[in-house]
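Structure file model.csv; described as CSV, C-alpha atoms.
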```
chain,number,residue,atom,x,y,z
A,1,MET,CA,0.6,28.9,7.5
A,2,THR,CA,-1.3,29.1,10.8
A,3,PRO,CA,1.0,28.4,13.8
A,4,PRO,CA,-0.4,26.0,16.4
A,5,ALA,CA,-0.8,27.0,20.1
A,6,ALA,CA,2.5,26.8,22.0
A,7,ALA,CA,3.3,23.3,23.1
A,8,SER,CA,6.0,21.7,25.2
A,9,LEU,CA,9.6,22.4,24.1
A,10,ALA,CA,12.6,20.0,23.8
A,11,LEU,CA,16.3,20.8,23.9
A,12,TYR,CA,18.9,18.8,22.2
A,13,VAL,CA,22.6,19.1,23.2
A,14,HIS,CA,25.2,17.6,20.9
A,15,TRP,CA,28.5,16.4,22.3
A,16,PRO,CA,30.6,15.6,19.1
A,17,PHE,CA,33.4,13.5,20.5
A,18,CYS,CA,33.9,9.7,20.5
A,19,LEU,CA,36.7,7.3,21.4
A,20,SER,CA,36.5,5.9,17.8
A,21,LYS,CA,34.4,6.2,14.7
A,22,CYS,CA,32.0,3.3,14.2
A,23,PRO,CA,31.9,2.1,10.6
A,24,TYR,CA,28.1,2.4,10.3
A,25,CYS,CA,27.9,5.9,11.9
A,26,ASP,CA,27.0,9.0,9.9
A,27,PHE,CA,26.4,11.2,12.9
A,28,ASN,CA,28.6,14.3,13.5
A,29,SER,CA,31.2,12.5,15.6
A,30,HIS,CA,34.9,13.1,15.9
A,31,VAL,CA,37.8,11.4,17.6
A,32,ALA,CA,39.8,13.9,19.8
A,33,LYS,CA,42.8,13.2,22.0
A,34,GLU,CA,42.1,16.2,24.3
A,35,VAL,CA,39.0,18.3,25.0
A,36,ASP,CA,39.0,21.6,26.9
A,37,HIS,CA,36.0,20.7,29.1
A,38,PRO,CA,35.6,24.1,30.8
A,39,ARG,CA,35.7,26.0,27.5
A,40,TRP,CA,33.2,23.6,26.0
A,41,ALA,CA,30.9,24.0,29.0
A,42,ASP,CA,31.0,27.8,28.6
A,43,ALA,CA,30.4,27.6,24.9
A,44,LEU,CA,27.4,25.2,25.1
A,45,GLN,CA,25.8,27.4,27.8
A,46,GLN,CA,26.3,30.5,25.6
A,47,ASP,CA,24.9,28.7,22.6
A,48,LEU,CA,21.8,27.7,24.7
A,49,ARG,CA,21.3,31.3,25.8
A,50,HIS,CA,21.5,32.6,22.3
A,51,HIS,CA,19.1,30.0,20.8
A,52,ALA,CA,16.5,30.6,23.6
A,53,GLU,CA,16.6,34.3,23.1
A,54,TRP,CA,16.6,34.3,19.3
A,55,ALA,CA,13.8,31.7,19.1
A,56,GLY,CA,11.7,33.6,21.6
A,57,LYS,CA,11.3,30.4,23.7
A,58,LYS,CA,12.1,31.6,27.2
A,59,GLY,CA,8.4,31.4,28.3
A,60,GLN,CA,7.8,28.0,26.8
A,61,THR,CA,7.7,24.9,29.1
A,62,LEU,CA,10.7,22.7,28.7
A,63,SER,CA,9.6,19.0,28.8
A,64,SER,CA,12.7,17.2,27.6
A,65,LEU,CA,16.5,17.7,27.5
A,66,PHE,CA,18.5,15.2,25.5
A,67,PHE,CA,22.3,14.9,25.5
A,68,GLY,CA,23.3,13.1,22.2
A,69,GLY,CA,26.4,12.6,20.2
A,70,GLY,CA,29.0,11.5,19.6
A,71,THR,CA,29.4,10.1,23.1
A,72,PRO,CA,28.0,12.3,25.9
A,73,SER,CA,29.3,10.0,28.6
A,74,LEU,CA,32.7,11.3,27.6
A,75,MET,CA,31.6,14.7,28.8
A,76,ALA,CA,32.7,15.9,32.2
A,77,PRO,CA,29.7,15.5,34.6
A,78,GLU,CA,30.3,19.1,35.7
A,79,THR,CA,29.7,20.3,32.1
A,80,MET,CA,26.3,18.4,32.0
A,81,ALA,CA,25.3,19.9,35.4
A,82,LYS,CA,26.1,23.4,34.2
A,83,ILE,CA,24.0,23.0,31.0
A,84,ILE,CA,21.1,21.5,32.9
A,85,ASN,CA,21.2,24.3,35.5
A,86,THR,CA,21.4,27.0,32.7
A,87,ALA,CA,18.4,25.4,31.0
A,88,LYS,CA,16.4,25.4,34.2
A,89,GLN,CA,17.2,29.1,34.7
A,90,ILE,CA,16.1,30.0,31.2
A,91,PHE,CA,12.9,28.0,30.8
A,92,PRO,CA,9.9,27.0,33.0
A,93,CYS,CA,10.3,23.3,33.3
A,94,ALA,CA,7.8,20.5,33.4
A,95,PRO,CA,7.6,18.8,36.9
A,96,ASP,CA,8.5,15.5,35.2
A,97,LEU,CA,11.3,17.0,33.0
A,98,GLU,CA,12.9,14.1,31.1
A,99,ILE,CA,16.7,14.5,31.0
A,100,THR,CA,18.3,11.8,28.8
A,101,MET,CA,21.9,11.1,28.1
A,102,GLU,CA,23.4,8.7,25.7
A,103,ALA,CA,26.3,6.5,26.9
A,104,ASN,CA,28.5,3.7,25.8
A,105,PRO,CA,29.0,0.7,28.1
A,106,THR,CA,32.8,0.9,28.4
A,107,SER,CA,34.1,0.5,32.0
A,108,VAL,CA,35.5,4.0,32.0
A,109,GLU,CA,32.2,5.6,31.2
A,110,ALA,CA,30.2,3.2,33.4
A,111,ASP,CA,32.2,4.4,36.4
A,112,LYS,CA,30.9,7.9,35.9
A,113,LEU,CA,27.2,7.1,35.9
A,114,HIS,CA,26.6,8.1,39.5
A,115,ALA,CA,28.1,11.5,38.7
A,116,PHE,CA,25.9,12.0,35.7
A,117,ARG,CA,22.8,11.0,37.8
A,118,ASP,CA,23.9,13.6,40.4
A,119,ALA,CA,24.3,16.2,37.6
A,120,GLY,CA,20.6,15.8,36.9
A,121,ALA,CA,20.2,13.1,34.2
A,122,ASN,CA,17.2,10.9,35.0
A,123,ARG,CA,17.1,8.7,31.8
A,124,LEU,CA,20.0,6.8,30.2
A,125,SER,CA,20.1,5.5,26.6
A,126,MET,CA,23.0,3.0,26.2
A,127,GLY,CA,24.5,2.2,22.8
A,128,ILE,CA,25.1,-1.6,23.2
A,129,GLN,CA,24.3,-2.6,19.5
A,130,SER,CA,24.8,-6.4,20.1
A,131,LEU,CA,25.2,-9.0,22.8
A,132,ASN,CA,27.6,-11.0,20.5
A,133,ASP,CA,31.3,-10.3,20.8
A,134,ALA,CA,32.0,-11.2,17.1
A,135,ALA,CA,29.3,-8.8,16.0
A,136,LEU,CA,30.6,-6.1,18.3
A,137,GLY,CA,34.0,-6.4,16.7
A,138,TYR,CA,32.4,-6.2,13.3
A,139,LEU,CA,30.5,-3.0,14.3
A,140,GLY,CA,33.6,-1.4,15.6
A,141,ARG,CA,32.5,-1.2,19.2
A,142,GLU,CA,34.9,-0.7,22.1
A,143,HIS,CA,33.2,-3.0,24.6
A,144,SER,CA,32.5,-6.7,25.0
A,145,ALA,CA,29.2,-8.3,25.6
A,146,LYS,CA,30.2,-9.1,29.2
A,147,GLU,CA,31.2,-5.4,29.7
A,148,ALA,CA,27.9,-4.3,28.2
A,149,ARG,CA,25.8,-6.5,30.5
A,150,ALA,CA,27.7,-5.2,33.6
A,151,ALA,CA,27.4,-1.6,32.6
A,152,LEU,CA,23.7,-2.0,31.9
A,153,ALA,CA,23.1,-3.6,35.3
A,154,LYS,CA,24.9,-0.7,36.9
A,155,ALA,CA,22.8,1.8,34.9
A,156,GLN,CA,19.5,0.1,35.9
A,157,ALA,CA,20.5,0.4,39.6
A,158,ILE,CA,21.3,4.1,39.2
A,159,PHE,CA,18.8,5.5,36.8
A,160,PRO,CA,15.0,5.3,37.1
A,161,ARG,CA,14.6,4.9,33.3
A,162,VAL,CA,17.0,3.0,31.0
A,163,SER,CA,16.9,2.3,27.3
A,164,ALA,CA,19.4,0.5,25.0
A,165,ASP,CA,20.1,0.5,21.3
A,166,PHE,CA,20.7,-2.6,19.2
A,167,ILE,CA,21.4,-3.2,15.5
A,168,TYR,CA,20.1,-6.2,13.5
A,169,ALA,CA,20.0,-7.5,10.0
A,170,ARG,CA,23.7,-7.3,10.0
A,171,SER,CA,26.0,-8.8,7.3
A,172,GLN,CA,25.9,-12.6,7.5
A,173,GLN,CA,23.4,-12.6,10.3
A,174,THR,CA,20.6,-15.2,10.0
A,175,ILE,CA,17.1,-14.9,11.2
A,176,GLU,CA,17.7,-17.6,13.8
A,177,GLU,CA,20.7,-15.9,15.2
A,178,TRP,CA,18.7,-12.7,15.6
A,179,ARG,CA,15.9,-14.7,17.2
A,180,ARG,CA,18.3,-16.0,19.9
A,181,GLU,CA,19.9,-12.6,20.4
A,182,LEU,CA,16.5,-10.8,20.6
A,183,ASP,CA,15.4,-13.4,23.2
A,184,ALA,CA,18.6,-12.4,25.2
A,185,ILE,CA,17.8,-8.7,24.8
A,186,LEU,CA,14.2,-9.1,26.0
A,187,ASP,CA,15.5,-11.1,29.0
A,188,LEU,CA,17.3,-7.8,30.1
A,189,GLU,CA,13.8,-6.5,31.0
A,190,LEU,CA,14.4,-3.0,29.8
A,191,GLU,CA,11.4,-0.7,29.6
A,192,HIS,CA,12.6,0.9,26.3
A,193,LEU,CA,14.4,-0.6,23.3
A,194,SER,CA,15.7,1.0,20.1
A,195,LEU,CA,16.1,-1.8,17.5
A,196,TYR,CA,17.5,-0.6,14.2
A,197,GLN,CA,18.0,-2.5,11.0
A,198,LEU,CA,21.6,-1.8,9.8
A,199,THR,CA,21.5,0.8,7.1
A,200,LEU,CA,24.4,1.8,4.8
A,201,GLU,CA,24.7,5.6,4.9
A,202,PRO,CA,26.8,7.5,2.4
A,203,GLY,CA,30.1,8.6,3.8
A,204,THR,CA,30.4,5.7,6.3
A,205,ALA,CA,33.0,3.0,6.1
A,206,PHE,CA,30.3,0.3,5.7
A,207,TYR,CA,28.9,2.2,2.7
A,208,SER,CA,32.3,2.3,1.1
A,209,ARG,CA,32.9,-1.4,1.7
A,210,HIS,CA,29.5,-2.2,0.2
A,211,GLN,CA,30.2,-0.1,-2.9
A,212,ARG,CA,33.4,-2.1,-3.4
A,213,GLY,CA,31.6,-5.4,-3.1
A,214,LEU,CA,33.2,-6.2,0.3
A,215,LEU,CA,30.1,-6.1,2.4
A,216,ASP,CA,26.7,-7.8,2.0
A,217,VAL,CA,23.5,-7.0,3.8
A,218,PRO,CA,20.1,-8.6,3.7
A,219,ASP,CA,17.9,-7.6,0.7
A,220,ALA,CA,14.5,-6.0,1.2
A,221,ASP,CA,12.6,-9.2,1.5
A,222,GLU,CA,15.0,-10.7,4.0
A,223,GLY,CA,15.0,-7.3,5.9
A,224,ARG,CA,11.3,-7.5,6.1
A,225,ARG,CA,11.5,-10.9,7.7
A,226,PHE,CA,13.9,-9.5,10.3
A,227,TYR,CA,11.5,-6.6,11.0
A,228,ASP,CA,8.4,-8.8,11.3
A,229,LEU,CA,10.2,-11.1,13.7
A,230,THR,CA,11.2,-8.1,15.8
A,231,GLN,CA,7.7,-6.8,16.0
A,232,GLU,CA,6.2,-10.2,16.8
A,233,LYS,CA,8.6,-10.9,19.7
A,234,THR,CA,8.6,-7.5,21.3
A,235,GLU,CA,4.8,-7.4,21.1
A,236,ALA,CA,4.6,-10.7,22.9
A,237,ALA,CA,7.1,-9.5,25.5
A,238,GLY,CA,4.9,-6.5,26.4
A,239,CYS,CA,7.3,-4.0,24.8
A,240,PRO,CA,5.6,-3.2,21.5
A,241,ALA,CA,6.7,-0.8,18.9
A,242,TYR,CA,5.3,2.8,19.3
A,243,GLU,CA,7.5,3.9,16.4
A,244,ILE,CA,9.0,1.9,13.5
A,245,SER,CA,12.3,1.2,15.4
A,246,ASN,CA,11.4,2.1,19.0
A,247,HIS,CA,9.6,-0.2,21.5
A,248,ALA,CA,8.4,0.6,25.0
A,249,LYS,CA,6.4,-0.7,27.9
A,250,PRO,CA,3.3,1.4,28.5
A,251,GLY,CA,4.3,4.9,29.7
A,252,GLN,CA,8.0,4.5,29.0
A,253,GLU,CA,8.1,6.0,25.5
A,254,SER,CA,10.8,8.6,24.9
A,255,ARG,CA,9.2,12.0,25.4
A,256,HIS,CA,12.0,13.7,23.6
A,257,ASN,CA,11.6,11.7,20.4
A,258,LEU,CA,7.9,12.0,20.5
A,259,ILE,CA,8.3,15.8,20.2
A,260,TYR,CA,10.3,15.2,17.0
A,261,TRP,CA,7.8,12.7,15.6
A,262,GLN,CA,4.9,14.9,16.5
A,263,SER,CA,6.5,18.0,14.9
A,264,HIS,CA,6.5,20.1,18.0
A,265,ASP,CA,9.3,22.6,18.9
A,266,TRP,CA,12.9,21.8,19.7
A,267,LEU,CA,16.1,23.8,19.9
A,268,GLY,CA,19.5,22.2,18.9
A,269,ILE,CA,22.8,23.4,20.4
A,270,GLY,CA,26.3,22.1,19.8
A,271,PRO,CA,28.2,21.3,16.6
A,272,GLY,CA,26.0,20.2,13.8
A,273,ALA,CA,22.8,20.3,15.9
A,274,TYR,CA,19.6,21.5,14.2
A,275,GLY,CA,16.4,22.7,15.6
A,276,ARG,CA,12.8,23.2,14.3
A,277,PHE,CA,10.4,25.5,15.9
A,278,TRP,CA,7.8,28.3,15.4
A,279,ARG,CA,9.2,31.8,15.6
A,280,GLU,CA,7.1,34.9,15.0
A,281,GLY,CA,4.5,32.9,13.2
A,282,GLN,CA,6.9,31.1,10.9
A,283,ARG,CA,8.2,27.5,11.1
A,284,VAL,CA,12.0,27.7,10.9
A,285,GLU,CA,14.9,25.3,11.0
A,286,THR,CA,18.4,26.2,12.3
A,287,ARG,CA,21.6,24.3,11.6
A,288,ASN,CA,24.8,24.9,13.5
A,289,ARG,CA,28.3,24.6,12.0
A,290,ARG,CA,29.5,20.9,12.1
A,291,ASP,CA,33.2,21.2,12.6
A,292,PRO,CA,33.8,21.2,16.4
A,293,ALA,CA,36.7,23.7,16.3
A,294,ALA,CA,35.0,26.1,14.0
A,295,TRP,CA,31.8,25.8,16.0
A,296,LEU,CA,33.7,26.6,19.2
A,297,ASP,CA,35.5,29.6,17.7
A,298,ASP,CA,32.2,31.0,16.4
A,299,VAL,CA,30.4,30.7,19.7
A,300,MET,CA,33.2,32.2,21.6
A,301,THR,CA,33.7,35.2,19.2
A,302,GLN,CA,30.1,35.9,18.0
A,303,GLY,CA,27.9,34.2,20.6
A,304,HIS,CA,26.5,31.5,18.4
A,305,ALA,CA,27.5,29.2,15.5
A,306,ILE,CA,24.2,29.1,13.5
A,307,ASP,CA,25.3,28.3,9.9
A,308,GLN,CA,21.9,28.1,8.2
A,309,ILE,CA,18.3,29.3,8.8
A,310,THR,CA,15.5,28.0,6.6
A,311,GLU,CA,11.9,29.1,6.6
A,312,ASP,CA,9.3,26.5,5.8
A,313,GLN,CA,6.7,26.6,3.1
A,314,PRO,CA,3.4,24.8,3.8
A,315,SER,CA,4.6,21.8,1.9
A,316,ASP,CA,7.8,21.7,4.0
A,317,PHE,CA,5.8,21.5,7.2
A,318,ALA,CA,3.4,19.0,5.8
A,319,GLU,CA,6.2,16.7,4.6
A,320,GLU,CA,7.9,16.9,8.0
A,321,ALA,CA,4.7,16.2,9.9
A,322,LEU,CA,3.8,13.2,7.6
A,323,MET,CA,7.4,11.8,7.4
A,324,MET,CA,7.8,11.9,11.2
A,325,GLY,CA,4.2,11.2,12.3
A,326,LEU,CA,3.6,8.2,10.1
A,327,ARG,CA,6.5,6.4,11.8
A,328,LEU,CA,4.4,6.3,15.0
A,329,HIS,CA,2.1,3.4,15.7
A,330,GLN,CA,-0.7,5.9,16.7
A,331,GLY,CA,-0.2,7.7,13.3
A,332,VAL,CA,-0.4,11.4,12.5
A,333,ASP,CA,-3.2,13.9,13.1
A,334,LEU,CA,-4.0,14.9,9.5
A,335,ASP,CA,-6.5,17.5,10.6
A,336,ARG,CA,-3.7,19.3,12.5
A,337,ILE,CA,-1.5,19.3,9.4
A,338,ILE,CA,-4.4,20.8,7.4
A,339,GLN,CA,-5.1,23.4,10.1
A,340,ILE,CA,-1.4,24.5,9.9
A,341,ALA,CA,-0.4,24.1,6.3
A,342,GLY,CA,-3.8,24.6,4.6
A,343,ALA,CA,-6.0,22.4,2.5
A,344,MET,CA,-4.3,19.2,1.2
A,345,ASP,CA,-4.7,20.3,-2.4
A,346,ASP,CA,-2.4,23.3,-1.6
A,347,TRP,CA,0.5,21.0,-0.6
A,348,GLY,CA,-0.3,17.4,-1.5
A,349,ASP,CA,-2.2,14.9,-3.6
A,350,ALA,CA,-5.6,14.1,-2.1
A,351,ALA,CA,-6.3,11.6,-4.9
A,352,ALA,CA,-3.1,9.7,-4.1
A,353,LEU,CA,-4.1,9.6,-0.5
A,354,ASP,CA,-7.4,7.9,-1.4
A,355,GLN,CA,-5.7,5.5,-3.7
A,356,MET,CA,-3.2,4.4,-1.0
A,357,ILE,CA,-6.0,3.9,1.5
A,358,ASP,CA,-7.9,1.8,-1.1
A,359,ALA,CA,-4.7,-0.2,-1.7
A,360,GLY,CA,-4.3,-1.0,2.0
A,361,LEU,CA,-1.1,1.0,2.5
A,362,LEU,CA,-2.7,3.7,4.7
A,363,SER,CA,-5.7,3.7,6.9
A,364,ARG,CA,-7.7,6.7,8.2
A,365,LYS,CA,-9.8,6.7,11.3
A,366,GLY,CA,-11.3,10.1,12.1
A,367,LYS,CA,-8.4,12.6,12.1
A,368,MET,CA,-5.6,10.0,12.4
A,369,LEU,CA,-3.7,8.7,9.4
A,370,ASN,CA,-1.7,5.5,9.9
A,371,LEU,CA,0.6,3.3,7.9
A,372,THR,CA,-0.8,-0.2,7.7
A,373,GLN,CA,1.5,-3.2,8.3
A,374,GLU,CA,1.8,-3.5,4.5
A,375,GLY,CA,2.7,0.2,4.2
A,376,ARG,CA,5.4,0.4,6.8
A,377,PRO,CA,8.3,-0.7,4.6
A,378,LEU,CA,7.1,1.7,1.9
A,379,LEU,CA,7.1,4.9,3.9
A,380,ASN,CA,9.5,6.8,1.5
A,381,THR,CA,7.4,5.8,-1.6
A,382,ILE,CA,4.2,6.8,0.1
A,383,LEU,CA,5.6,10.2,1.1
A,384,ALA,CA,6.8,10.9,-2.5
A,385,ARG,CA,3.2,10.3,-3.7
A,386,LEU,CA,1.5,12.3,-1.0
A,387,ILE,CA,3.6,15.5,-1.2
A,388,ALA,CA,3.2,17.7,-4.3
A,389,ASP,CA,6.4,18.8,-6.1
```

What's the structure tokens form of this structure?
Amino acid sequence: MTPPAAASLALYVHWPFCLSKCPYCDFNSHVAKEVDHPRWADALQQDLRHHAEWAGKKGQTLSSLFFGGGTPSLMAPETMAKIINTAKQIFPCAPDLEITMEANPTSVEADKLHAFRDAGANRLSMGIQSLNDAALGYLGREHSAKEARAALAKAQAIFPRVSADFIYARSQQTIEEWRRELDAILDLELEHLSLYQLTLEPGTAFYSRHQRGLLDVPDADEGRRFYDLTQEKTEAAGCPAYEISNHAKPGQESRHNLIYWQSHDWLGIGPGAYGRFWREGQRVETRNRRDPAAWLDDVMTQGHAIDQITEDQPSDFAEEALMMGLRLHQGVDLDRIIQIAGAMDDWGDAAALDQMIDAGLLSRKGKMLNLTQEGRPLLNTILARLIAD
């Protein structure tokens, strides 16, 4: 493969602790009664220093820092401040460095928002999930709709950029119910929204209930109607989709997620975090140990907790770039993939590409390859045909 010129770098920091485990969540999250915050602050900084050194990224410009989880708003603000300051000492930083933290809208966490802003966060992503109390109970959330609205209003007064997450196509939810709820969401006048269809991930409580016949979700046709309504209303409200599930007013797209979707470099620190980046001419992926206690012990004893390192083959990079890039409204730069991974016949099926363009599932304009409206629900099928075994 031919490495691209060095681009901006993102840093993901995983805080693995939550107040409770939501029944739809398959993230690496754990309920803990007590957390040794000073020890975790030291370990996360050490993990960061190791990854930056091993990856050879100290001279690369950091454009995004994202605190995810778990629930980062359960972190001590002092811990966040230490990590941000360490990152700024290690990397040259973009003047408009985006520093995002995820938060839940419980009153305890909302009371700490000023401290997180003072620590350096300048963008907040709030996991609200619904403005309906019955739905919040069904989703296992710890807050009410009233509490969510109050926390969101507080966040909008503190942070210059605020996003919120919501889940639709829930069990027993009707299209008309989602239409009304989406109207209420759009009335919040947020500049960024993440609107996800409920998915049943293996290992979650919802998946287990569905397997036992205790939980129904909309079928593919009904899910498509939910999706189409979502696109129609957000577009009309001036907050169109720039990615399949993410919507933004112009200029308010998540810079961090764009680095993922455009297959640039990011480092992942914390339990279960993974990174993908170019190192010594090779695209590599690192994965950290998932168990928080084991991760912490490894970092404190050996300086890191990297559990797995994988080197990409050309088809691996091409699959990553297509899988992530085709999610974007602007599409993916096919010429860039070919420049890095080689001619398409080396890693994919050029005839299948032509067939899917003819069938109206993909479109190509110059170097950009896009999913059409008809192709969006079929992304996985399209990828399976494009990438050679």

Counting only C-alpha atoms, figure out which residue out of A:Arg289, A:Arg327, A:Arg123, A:Arg336 gets nearest to Arg255 (chain A). A:Arg123

Counting all atoms listed in the file, which residues of region 97-171 of chain A fall within 8 Å of region 218-235 of chain A, and what is the closest atom pair for each with its distance in Å at one decimal, ordered by chain and rising number, as CSV?
```
residue,atom,partner,partner_atom,distance
A:Tyr168,CA,A:Phe226,CA,7.7
A:Ala169,CA,A:Pro218,CA,6.4
A:Arg170,CA,A:Pro218,CA,7.4
A:Ser171,CA,A:Pro218,CA,6.9
```

Excluding same-chain residues fewer than 4 positions from region 311-314 of chain A, what lies within 6 Å of it counting all atoms listed in the file, as JSON, numbers by chain? {"A": [283, 284, 341]}

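Pairwise distance (CA of Pro377 (chain A), CA of Thr204 (chain A)) equals 23.1 Å.
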
Give me, please, the distance in Å between CA of Ala351 (chain A) and CA of Ile387 (chain A), quoted to one decimal.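 Those two atoms sit 11.3 Å apart.
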
When distances are computed from only C-alpha atoms, which of A:Ser73, A:Lys367, A:Ser20, A:Glu177 shows the smallest separation from Ala135 (chain A)?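 Among A:Ser73, A:Lys367, A:Ser20, A:Glu177, it is A:Glu177 that comes nearest to Ala135 (chain A).
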
Test item: residues at most 9 Å from region 126-134 of chain A, only C-alpha atoms, excluding those fewer than 5 positions along its chain, as a count of residues only: 27

Arg376 (chain A) environment, 12 Å, all atoms listed in the file, sequence neighbours closer than 4 positions dropped, as number ranges by chain: A: 224, 227-228, 231, 243-245, 323, 326-329, 331, 360-363, 370-372, 380-383

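One distance worth recording is that between CA of Gly342 (chain A) and CA of Asp316 (chain A), which is 12.0 Å.
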
Can you report as lines of an AutoDock Vina configuration file the centre and edge lengths in Å, to one decimal, of an axis-aligned box around the listed atoms of region 94-106 of chain A padded with 5 Å on each side?
```
center_x = 20.2
center_y = 10.6
center_z = 31.3
size_x = 35.2
size_y = 29.8
size_z = 21.2
```

Please return as a PyMOL selection string every residue within 12 Å of (34.9, 25.3, 16.7), taking into account only C-alpha atoms and the file's own coordinates. chain A and resi 16+35-36+39-40+43-44+270-272+288-306

Nearest to Ala236 (chain A), chosen from A:Leu186, A:Leu65, A:Leu322, A:Leu267, with only C-alpha atoms counted in the distances: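 Once distances to Ala236 (chain A) are computed over only C-alpha atoms, the minimum belongs to A:Leu186.
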
Between A:Thr199, A:Gln252, A:Thr61, A:Thr106, which is the closest to Arg161 (chain A) once you count only C-alpha atoms?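 Nearest candidate to Arg161 (chain A) out of A:Thr199, A:Gln252, A:Thr61, A:Thr106: A:Gln252.
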
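In this comparison, which uses all atoms listed in the file, the residue of A:Met368, A:Cys22, A:Leu74, A:Ala55 approaching Glu285 (chain A) most closely is A:Ala55.
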
Do you know which residues are at most 12 Å from Gly251 (chain A) counting only C-alpha atoms, after dropping those on the same chain fewer than 6 positions away, and could you put them as a list in words? Arg161, Glu191, His192, Gly238, Cys239, Pro240 and Tyr242 of chain A

Tell me, as a ChimeraX atom specification, which residues lie within 8 Å of Gly68 (chain A), counting all atoms listed in the file; anything in the same chain fewer than 2 positions away does not count. /A:12-15,66,70-72,101-102

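In terms of minimum interatomic distance to Gly137 (chain A), A:Pro23 ranks closest within A:Arg179, A:Tyr260, A:Thr286, A:Pro23, counting only C-alpha atoms.
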
Write a file for region 296-325 of chain A, containing C-alpha atoms (output as a PDB file, in the first residue's frame).
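Output contents, as saved in decode-v6.pdb:
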```
ATOM      1  CA  LEU A 296      -5.618  -0.392  34.674  1.00  0.00           C
ATOM      2  CA  ASP A 297      -3.223  -3.024  36.021  1.00  0.00           C
ATOM      3  CA  ASP A 298      -1.492  -3.425  32.658  1.00  0.00           C
ATOM      4  CA  VAL A 299      -1.002   0.308  32.184  1.00  0.00           C
ATOM      5  CA  MET A 300       0.344   0.770  35.685  1.00  0.00           C
ATOM      6  CA  THR A 301       2.735  -2.205  35.435  1.00  0.00           C
ATOM      7  CA  GLN A 302       3.883  -2.189  31.787  1.00  0.00           C
ATOM      8  CA  GLY A 303       2.976   1.281  30.545  1.00  0.00           C
ATOM      9  CA  HIS A 304       0.160   0.292  28.185  1.00  0.00           C
ATOM     10  CA  ALA A 305      -2.678  -2.216  27.750  1.00  0.00           C
ATOM     11  CA  ILE A 306      -2.599  -2.864  24.001  1.00  0.00           C
ATOM     12  CA  ASP A 307      -4.105  -6.305  23.570  1.00  0.00           C
ATOM     13  CA  GLN A 308      -4.008  -6.654  19.777  1.00  0.00           C
ATOM     14  CA  ILE A 309      -2.161  -5.090  16.845  1.00  0.00           C
ATOM     15  CA  THR A 310      -3.346  -5.841  13.310  1.00  0.00           C
ATOM     16  CA  GLU A 311      -1.673  -4.822  10.040  1.00  0.00           C
ATOM     17  CA  ASP A 312      -3.994  -4.084   7.123  1.00  0.00           C
ATOM     18  CA  GLN A 313      -3.875  -5.722   3.748  1.00  0.00           C
ATOM     19  CA  PRO A 314      -4.988  -3.544   0.791  1.00  0.00           C
ATOM     20  CA  SER A 315      -8.472  -5.083   0.890  1.00  0.00           C
ATOM     21  CA  ASP A 316      -8.741  -4.243   4.611  1.00  0.00           C
ATOM     22  CA  PHE A 317      -8.074  -0.576   4.020  1.00  0.00           C
ATOM     23  CA  ALA A 318     -10.372  -0.470   0.995  1.00  0.00           C
ATOM     24  CA  GLU A 319     -13.181  -2.103   2.965  1.00  0.00           C
ATOM     25  CA  GLU A 320     -12.720   0.344   5.854  1.00  0.00           C
ATOM     26  CA  ALA A 321     -12.669   3.349   3.538  1.00  0.00           C
ATOM     27  CA  LEU A 322     -15.755   2.213   1.607  1.00  0.00           C
ATOM     28  CA  MET A 323     -17.710   1.092   4.674  1.00  0.00           C
ATOM     29  CA  MET A 324     -17.132   4.389   6.470  1.00  0.00           C
ATOM     30  CA  GLY A 325     -17.030   6.778   3.520  1.00  0.00           C
TER      31      GLY A 325
END
```
